[in-house]
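Below: one structure, written as structure tokens.
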Amino acid sequence: MGSPAPPPLAGWCHAGVDKAGRRFSLYLCGAGEGNAALRDLYDAFEPKGCTLCLPPLNDDRRTQWLEGLLEQGVNVLALADGIVVGHATVMGTENEGVGEYLVFVRPEYQNCGFGTALSEAVVEIARALGYRWLWVLVEGRNRRAIHVGRKVGFQMEGPVAAEREMLLDLASGPV
Ligand SMILES: CC(C)(COP(=O)(O)OP(=O)(O)OC[C@H]1O[C@@H](n2cnc3c(N)ncnc32)[C@H](O)[C@@H]1OP(=O)(O)O)[C@@H](O)C(=O)NCCC(=O)NCCS
């Protein structure tokens, strides 16, 4: 294990069953184990750059991106079948009380409930960390991400455009 979980999250983990009946667990990762786990996940992720140019196509940029997530974010991994099948982050922004959220699920494991489980976990974690809002930028054509975001409590913000902001009010009660 790398750096310890922030105090409000000590011991945090979840177990569940996906839509295909597979057992999975969600756990927080620190910089040590997280580095290898995220690298495996995102090196194998195809197509790279599929959403807002993420995960970065370029190896060096992908490494920098992952280092930034591990340094600045609280990171949750989903483990099933003995591999990391998904990852979500919440990290601070320049706006006080606003956390940025990000979620990726290994393509062959999408549509099985992992994105929803990871997103629900991030909402719970963001609340425990004292954030007031969660924010995410999605492409307007990314209907699946928008559907999952709405399911866990995000609402669309701002004008209809190619990229849409979604915001979740963490004071408005559990998902
Ligand atoms: C977005 C993403 C994280 C969702 O993960 P997932 O594991 O597939 O999500 P789930 O299986 O929990 O839920 C998918 C939901 O979308 C629905 N869905 C699938 N395709 C859809 C579409 N084209 N339009 C609307 N809803 C759709 C499914 O029916 C399911 O909803 P339900 O559980 O209410 O039936 C995943 O697709 C992904 O990694 N995408 C690339 C990265 C990304 O776009 N991240 C979001 C922005 S950071």
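Residue names in the structure tokens use chain letters A, B, ... in the order shown, residue numbers from 1 in each chain, and ligand numbers from 1 in the order shown.
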
Quick one: which chain A residues come within 9 Å of ligand 1, and what is the nearest atom pair for each with the distance in Å to one decimal, counting only C-alpha atoms and all ligand atoms, rows ordered by chain and ascending number, as JSON lines?
```
{"residue": "A:Asp18", "atom": "CA", "partner": "ligand 1", "partner_atom_place_in_ligand_line": "11 (O)", "distance": 8.5}
{"residue": "A:Lys19", "atom": "CA", "partner": "ligand 1", "partner_atom_place_in_ligand_line": "11 (O)", "distance": 7.9}
{"residue": "A:Cys50", "atom": "CA", "partner": "ligand 1", "partner_atom_place_in_ligand_line": "41 (C)", "distance": 6.7}
{"residue": "A:Thr51", "atom": "CA", "partner": "ligand 1", "partner_atom_place_in_ligand_line": "44 (O)", "distance": 5.3}
{"residue": "A:Leu52", "atom": "CA", "partner": "ligand 1", "partner_atom_place_in_ligand_line": "47 (C)", "distance": 8.2}
{"residue": "A:Leu54", "atom": "CA", "partner": "ligand 1", "partner_atom_place_in_ligand_line": "42 (C)", "distance": 7.7}
{"residue": "A:Pro55", "atom": "CA", "partner": "ligand 1", "partner_atom_place_in_ligand_line": "42 (C)", "distance": 8.3}
{"residue": "A:Val85", "atom": "CA", "partner": "ligand 1", "partner_atom_place_in_ligand_line": "7 (O)", "distance": 9.0}
{"residue": "A:Gly86", "atom": "CA", "partner": "ligand 1", "partner_atom_place_in_ligand_line": "39 (O)", "distance": 7.5}
{"residue": "A:His87", "atom": "CA", "partner": "ligand 1", "partner_atom_place_in_ligand_line": "3 (C)", "distance": 8.6}
{"residue": "A:Ala88", "atom": "CA", "partner": "ligand 1", "partner_atom_place_in_ligand_line": "48 (S)", "distance": 8.3}
{"residue": "A:Tyr101", "atom": "CA", "partner": "ligand 1", "partner_atom_place_in_ligand_line": "48 (S)", "distance": 6.8}
{"residue": "A:Leu102", "atom": "CA", "partner": "ligand 1", "partner_atom_place_in_ligand_line": "48 (S)", "distance": 3.9}
{"residue": "A:Val103", "atom": "CA", "partner": "ligand 1", "partner_atom_place_in_ligand_line": "48 (S)", "distance": 4.7}
{"residue": "A:Phe104", "atom": "CA", "partner": "ligand 1", "partner_atom_place_in_ligand_line": "39 (O)", "distance": 3.5}
{"residue": "A:Val105", "atom": "CA", "partner": "ligand 1", "partner_atom_place_in_ligand_line": "39 (O)", "distance": 3.8}
{"residue": "A:Arg106", "atom": "CA", "partner": "ligand 1", "partner_atom_place_in_ligand_line": "39 (O)", "distance": 6.2}
{"residue": "A:Pro107", "atom": "CA", "partner": "ligand 1", "partner_atom_place_in_ligand_line": "39 (O)", "distance": 6.6}
{"residue": "A:Tyr109", "atom": "CA", "partner": "ligand 1", "partner_atom_place_in_ligand_line": "7 (O)", "distance": 6.3}
{"residue": "A:Gln110", "atom": "CA", "partner": "ligand 1", "partner_atom_place_in_ligand_line": "8 (O)", "distance": 3.4}
{"residue": "A:Asn111", "atom": "CA", "partner": "ligand 1", "partner_atom_place_in_ligand_line": "11 (O)", "distance": 3.1}
{"residue": "A:Cys112", "atom": "CA", "partner": "ligand 1", "partner_atom_place_in_ligand_line": "11 (O)", "distance": 4.0}
{"residue": "A:Gly113", "atom": "CA", "partner": "ligand 1", "partner_atom_place_in_ligand_line": "12 (O)", "distance": 3.2}
{"residue": "A:Phe114", "atom": "CA", "partner": "ligand 1", "partner_atom_place_in_ligand_line": "7 (O)", "distance": 4.0}
{"residue": "A:Gly115", "atom": "CA", "partner": "ligand 1", "partner_atom_place_in_ligand_line": "5 (O)", "distance": 3.4}
{"residue": "A:Thr116", "atom": "CA", "partner": "ligand 1", "partner_atom_place_in_ligand_line": "12 (O)", "distance": 3.6}
{"residue": "A:Ala117", "atom": "CA", "partner": "ligand 1", "partner_atom_place_in_ligand_line": "12 (O)", "distance": 6.3}
{"residue": "A:Leu118", "atom": "CA", "partner": "ligand 1", "partner_atom_place_in_ligand_line": "12 (O)", "distance": 8.0}
{"residue": "A:Ser119", "atom": "CA", "partner": "ligand 1", "partner_atom_place_in_ligand_line": "3 (C)", "distance": 8.2}
{"residue": "A:Val136", "atom": "CA", "partner": "ligand 1", "partner_atom_place_in_ligand_line": "48 (S)", "distance": 6.7}
{"residue": "A:Leu137", "atom": "CA", "partner": "ligand 1", "partner_atom_place_in_ligand_line": "47 (C)", "distance": 6.7}
{"residue": "A:Val138", "atom": "CA", "partner": "ligand 1", "partner_atom_place_in_ligand_line": "47 (C)", "distance": 5.3}
{"residue": "A:Glu139", "atom": "CA", "partner": "ligand 1", "partner_atom_place_in_ligand_line": "47 (C)", "distance": 7.9}
{"residue": "A:Arg141", "atom": "CA", "partner": "ligand 1", "partner_atom_place_in_ligand_line": "23 (N)", "distance": 8.6}
{"residue": "A:Asn142", "atom": "CA", "partner": "ligand 1", "partner_atom_place_in_ligand_line": "44 (O)", "distance": 6.3}
{"residue": "A:Arg143", "atom": "CA", "partner": "ligand 1", "partner_atom_place_in_ligand_line": "24 (N)", "distance": 4.2}
{"residue": "A:Arg144", "atom": "CA", "partner": "ligand 1", "partner_atom_place_in_ligand_line": "27 (C)", "distance": 3.9}
{"residue": "A:Ala145", "atom": "CA", "partner": "ligand 1", "partner_atom_place_in_ligand_line": "1 (C)", "distance": 3.7}
{"residue": "A:Ile146", "atom": "CA", "partner": "ligand 1", "partner_atom_place_in_ligand_line": "25 (C)", "distance": 7.3}
{"residue": "A:His147", "atom": "CA", "partner": "ligand 1", "partner_atom_place_in_ligand_line": "26 (N)", "distance": 5.1}
{"residue": "A:Val148", "atom": "CA", "partner": "ligand 1", "partner_atom_place_in_ligand_line": "15 (C)", "distance": 5.4}
{"residue": "A:Gly149", "atom": "CA", "partner": "ligand 1", "partner_atom_place_in_ligand_line": "1 (C)", "distance": 8.3}
{"residue": "A:Lys151", "atom": "CA", "partner": "ligand 1", "partner_atom_place_in_ligand_line": "34 (O)", "distance": 7.1}
```

Grab the residues selected above and save them as a compact mmCIF listing (two decimals), in the first residue's frame with C-alpha atoms.
```txt
# COMPACT_ATOMS: atom_id res chain seq x y z
CA ASP A 18 -21.87 -6.87 -10.82
CA LYS A 19 -24.72 -7.36 -13.30
CA CYS A 50 -11.80 8.33 -26.34
CA THR A 51 -13.17 10.96 -24.00
CA LEU A 52 -11.80 14.51 -23.83
CA LEU A 54 -8.21 10.76 -22.12
CA PRO A 55 -6.52 8.50 -21.36
CA VAL A 85 -11.43 -3.29 -14.04
CA GLY A 86 -12.10 0.34 -13.21
CA HIS A 87 -10.85 3.48 -11.52
CA ALA A 88 -12.38 6.67 -10.22
CA TYR A 101 -14.60 13.51 -10.54
CA LEU A 102 -13.37 11.12 -13.17
CA VAL A 103 -14.24 7.48 -13.86
CA PHE A 104 -13.02 4.87 -16.34
CA VAL A 105 -14.04 1.24 -16.69
CA ARG A 106 -12.08 -1.31 -18.74
CA PRO A 107 -14.04 -1.59 -22.02
CA TYR A 109 -16.27 -4.72 -18.28
CA GLN A 110 -18.47 -1.77 -19.24
CA ASN A 111 -22.25 -1.96 -18.90
CA CYS A 112 -21.94 -4.34 -15.94
CA GLY A 113 -22.46 -1.82 -13.14
CA PHE A 114 -18.85 -0.91 -12.33
CA GLY A 115 -19.15 2.70 -13.47
CA THR A 116 -22.20 3.19 -11.27
CA ALA A 117 -20.57 1.51 -8.26
CA LEU A 118 -17.39 3.58 -8.66
CA SER A 119 -19.40 6.78 -9.07
CA VAL A 136 -17.28 16.62 -14.11
CA LEU A 137 -16.85 17.59 -17.76
CA VAL A 138 -18.27 15.13 -20.30
CA GLU A 139 -18.74 15.13 -24.03
CA ARG A 141 -22.31 12.59 -27.09
CA ASN A 142 -21.14 10.44 -24.16
CA ARG A 143 -24.64 9.27 -23.35
CA ARG A 144 -23.52 6.43 -21.12
CA ALA A 145 -21.41 8.69 -18.88
CA ILE A 146 -24.25 11.21 -18.69
CA HIS A 147 -26.71 8.46 -17.79
CA VAL A 148 -24.42 7.16 -15.02
CA GLY A 149 -23.80 10.70 -13.76
CA LYS A 151 -28.11 8.09 -11.79
```

Pull the closest atom pair for each residue of region 32-109 of chain A that gets at most 10 Å from region 123-132 of chain A, along with the distance in Å to one decimal, counting only C-alpha atoms, ordering rows by chain and then ascending residue number, as a tab-separated table.
```
residue	atom	partner	partner_atom	distance
A:Val74	CA	A:Ile125	CA	8.3
A:Asn75	CA	A:Ile125	CA	9.7
A:Val76	CA	A:Ile125	CA	9.4
A:Thr89	CA	A:Ala126	CA	9.5
A:Val90	CA	A:Ala126	CA	6.7
A:Met91	CA	A:Ala126	CA	8.7
A:Gly92	CA	A:Tyr131	CA	8.6
A:Glu96	CA	A:Tyr131	CA	8.4
A:Gly97	CA	A:Tyr131	CA	4.8
A:Val98	CA	A:Tyr131	CA	6.0
A:Gly99	CA	A:Tyr131	CA	6.3
A:Glu100	CA	A:Ala126	CA	9.4
A:Tyr101	CA	A:Val123	CA	8.9
```

*Would you return as a PyMOL selection string the members of region 5-149 of chain A that DSSP assigns to helix (DSSP H, G or I) on this structure's backbone?*
chain A and resi 7-9+31-44+59-72+107-109+114-128+143-149

Could you turn the residues from that selection into a file that holds C-alpha atoms, as an mmCIF file, in the first residue's frame?
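Final output, saved to out01.cif:
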```cif
data_model
loop_
_atom_site.group_PDB
_atom_site.id
_atom_site.type_symbol
_atom_site.label_atom_id
_atom_site.label_comp_id
_atom_site.auth_asym_id
_atom_site.auth_seq_id
_atom_site.Cartn_x
_atom_site.Cartn_y
_atom_site.Cartn_z
ATOM 1 C CA PRO A 7 -8.300 10.040 8.054
ATOM 2 C CA PRO A 8 -12.068 10.190 7.348
ATOM 3 C CA LEU A 9 -11.584 7.250 4.971
ATOM 4 C CA ALA A 31 0.725 6.132 -4.824
ATOM 5 C CA GLY A 32 2.676 2.862 -4.461
ATOM 6 C CA GLU A 33 0.286 0.140 -5.546
ATOM 7 C CA GLY A 34 -1.850 2.651 -7.419
ATOM 8 C CA ASN A 35 0.906 3.441 -9.854
ATOM 9 C CA ALA A 36 1.237 -0.127 -11.120
ATOM 10 C CA ALA A 37 -2.510 -0.780 -11.058
ATOM 11 C CA LEU A 38 -3.412 2.380 -12.965
ATOM 12 C CA ARG A 39 -0.652 1.862 -15.472
ATOM 13 C CA ASP A 40 -1.951 -1.644 -16.230
ATOM 14 C CA LEU A 41 -5.500 -0.351 -16.587
ATOM 15 C CA TYR A 42 -4.736 2.634 -18.797
ATOM 16 C CA ASP A 43 -1.996 1.060 -20.913
ATOM 17 C CA ALA A 44 -4.550 -1.617 -21.871
ATOM 18 C CA ASP A 59 3.114 7.304 -23.075
ATOM 19 C CA ASP A 60 4.893 10.189 -21.331
ATOM 20 C CA ARG A 61 1.733 12.260 -21.101
ATOM 21 C CA ARG A 62 -0.166 9.235 -19.769
ATOM 22 C CA THR A 63 2.520 8.751 -17.104
ATOM 23 C CA GLN A 64 2.301 12.410 -16.072
ATOM 24 C CA TRP A 65 -1.493 12.272 -16.011
ATOM 25 C CA LEU A 66 -1.467 9.207 -13.747
ATOM 26 C CA GLU A 67 1.138 10.736 -11.448
ATOM 27 C CA GLY A 68 -1.052 13.819 -11.135
ATOM 28 C CA LEU A 69 -4.121 11.738 -10.278
ATOM 29 C CA LEU A 70 -2.203 9.789 -7.641
ATOM 30 C CA GLU A 71 -0.621 12.887 -6.107
ATOM 31 C CA GLN A 72 -3.680 15.124 -6.120
ATOM 32 C CA PRO A 107 -14.035 -1.594 -22.020
ATOM 33 C CA GLU A 108 -14.747 -5.324 -21.745
ATOM 34 C CA TYR A 109 -16.273 -4.716 -18.284
ATOM 35 C CA PHE A 114 -18.847 -0.913 -12.333
ATOM 36 C CA GLY A 115 -19.151 2.704 -13.474
ATOM 37 C CA THR A 116 -22.203 3.189 -11.269
ATOM 38 C CA ALA A 117 -20.570 1.509 -8.263
ATOM 39 C CA LEU A 118 -17.386 3.576 -8.656
ATOM 40 C CA SER A 119 -19.399 6.779 -9.068
ATOM 41 C CA GLU A 120 -21.477 6.072 -5.979
ATOM 42 C CA ALA A 121 -18.234 5.434 -4.110
ATOM 43 C CA VAL A 122 -16.791 8.761 -5.243
ATOM 44 C CA VAL A 123 -19.911 10.578 -4.067
ATOM 45 C CA GLU A 124 -19.585 8.936 -0.648
ATOM 46 C CA ILE A 125 -15.861 9.677 -0.479
ATOM 47 C CA ALA A 126 -16.243 13.288 -1.602
ATOM 48 C CA ARG A 127 -18.844 13.822 1.091
ATOM 49 C CA ALA A 128 -16.590 12.243 3.724
ATOM 50 C CA ARG A 143 -24.640 9.265 -23.350
ATOM 51 C CA ARG A 144 -23.516 6.426 -21.120
ATOM 52 C CA ALA A 145 -21.413 8.689 -18.879
ATOM 53 C CA ILE A 146 -24.255 11.212 -18.690
ATOM 54 C CA HIS A 147 -26.709 8.456 -17.788
ATOM 55 C CA VAL A 148 -24.424 7.164 -15.015
ATOM 56 C CA GLY A 149 -23.803 10.702 -13.762
#
```

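Note that the spacing between CA of Ala80 (chain A) and CA of Leu170 (chain A) amounts to 28.4 Å.
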
_Backbone-only DSSP, strand (DSSP E or B) members of region 43-121 of chain A, as an MDAnalysis selection string_ = chainID A and resid 51 54 73:80 83:92 98:105

Output for the residues just chosen: N, CA and C atoms as a compact mmCIF listing (two decimals), in the first residue's frame:
```
# COMPACT_ATOMS: atom_id res chain seq x y z
N THR A 51 -12.31 9.94 -24.60
CA THR A 51 -13.17 10.96 -24.00
C THR A 51 -12.32 12.14 -23.55
N LEU A 54 -8.68 11.63 -23.19
CA LEU A 54 -8.21 10.76 -22.12
C LEU A 54 -8.62 9.32 -22.39
N GLY A 73 -5.30 13.31 -6.18
CA GLY A 73 -6.65 12.77 -6.00
C GLY A 73 -6.72 11.70 -4.94
N VAL A 74 -7.96 11.39 -4.54
CA VAL A 74 -8.23 10.18 -3.78
C VAL A 74 -8.75 9.19 -4.81
N ASN A 75 -8.11 8.04 -4.89
CA ASN A 75 -8.34 7.12 -6.01
C ASN A 75 -8.95 5.81 -5.55
N VAL A 76 -9.99 5.39 -6.26
CA VAL A 76 -10.68 4.14 -5.96
C VAL A 76 -10.48 3.18 -7.12
N LEU A 77 -10.14 1.95 -6.80
CA LEU A 77 -10.01 0.92 -7.82
C LEU A 77 -11.13 -0.10 -7.65
N ALA A 78 -11.60 -0.62 -8.78
CA ALA A 78 -12.54 -1.75 -8.76
C ALA A 78 -11.77 -2.99 -9.20
N LEU A 79 -11.85 -4.02 -8.38
CA LEU A 79 -11.13 -5.26 -8.65
C LEU A 79 -12.14 -6.38 -8.88
N ALA A 80 -12.01 -7.10 -10.01
CA ALA A 80 -12.85 -8.27 -10.30
C ALA A 80 -12.04 -9.23 -11.14
N ILE A 83 -8.30 -8.74 -11.56
CA ILE A 83 -7.65 -7.60 -12.23
C ILE A 83 -8.39 -6.31 -11.88
N VAL A 84 -7.69 -5.19 -12.11
CA VAL A 84 -8.32 -3.89 -11.91
C VAL A 84 -9.19 -3.61 -13.14
N VAL A 85 -10.50 -3.47 -12.91
CA VAL A 85 -11.43 -3.29 -14.04
C VAL A 85 -11.93 -1.86 -14.13
N GLY A 86 -11.64 -1.04 -13.12
CA GLY A 86 -12.10 0.34 -13.21
C GLY A 86 -11.43 1.20 -12.17
N HIS A 87 -11.54 2.50 -12.39
CA HIS A 87 -10.85 3.48 -11.52
C HIS A 87 -11.67 4.75 -11.50
N ALA A 88 -11.74 5.36 -10.34
CA ALA A 88 -12.38 6.67 -10.22
C ALA A 88 -11.57 7.52 -9.26
N THR A 89 -11.65 8.82 -9.48
CA THR A 89 -10.88 9.79 -8.68
C THR A 89 -11.78 10.93 -8.25
N VAL A 90 -11.49 11.48 -7.09
CA VAL A 90 -11.97 12.83 -6.78
C VAL A 90 -10.74 13.64 -6.38
N MET A 91 -10.67 14.83 -6.94
CA MET A 91 -9.53 15.70 -6.57
C MET A 91 -9.98 17.15 -6.50
N GLY A 92 -9.23 17.91 -5.72
CA GLY A 92 -9.59 19.31 -5.52
C GLY A 92 -9.45 20.13 -6.80
N VAL A 98 -15.14 22.43 -4.30
CA VAL A 98 -15.55 21.72 -5.51
C VAL A 98 -14.51 20.64 -5.84
N GLY A 99 -14.97 19.41 -5.89
CA GLY A 99 -14.10 18.30 -6.28
C GLY A 99 -14.38 17.89 -7.71
N GLU A 100 -13.33 17.54 -8.43
CA GLU A 100 -13.50 17.04 -9.80
C GLU A 100 -13.53 15.52 -9.75
N TYR A 101 -14.43 14.96 -10.54
CA TYR A 101 -14.60 13.51 -10.54
C TYR A 101 -14.25 12.97 -11.92
N LEU A 102 -13.76 11.77 -11.92
CA LEU A 102 -13.37 11.12 -13.17
C LEU A 102 -13.55 9.62 -12.98
N VAL A 103 -14.04 8.93 -13.99
CA VAL A 103 -14.24 7.48 -13.86
C VAL A 103 -13.98 6.80 -15.20
N PHE A 104 -13.27 5.69 -15.14
CA PHE A 104 -13.02 4.87 -16.34
C PHE A 104 -13.22 3.40 -15.97
N VAL A 105 -13.85 2.67 -16.87
CA VAL A 105 -14.04 1.24 -16.69
C VAL A 105 -13.44 0.52 -17.91
```

_List the spatial neighbours of Ala15 (chain A) as a VMD selection string - criterion: any atom at most 9 Å away, only C-alpha atoms, same-chain residues fewer than 2 positions off excluded._
chain A and resid 13 17 23 to 27
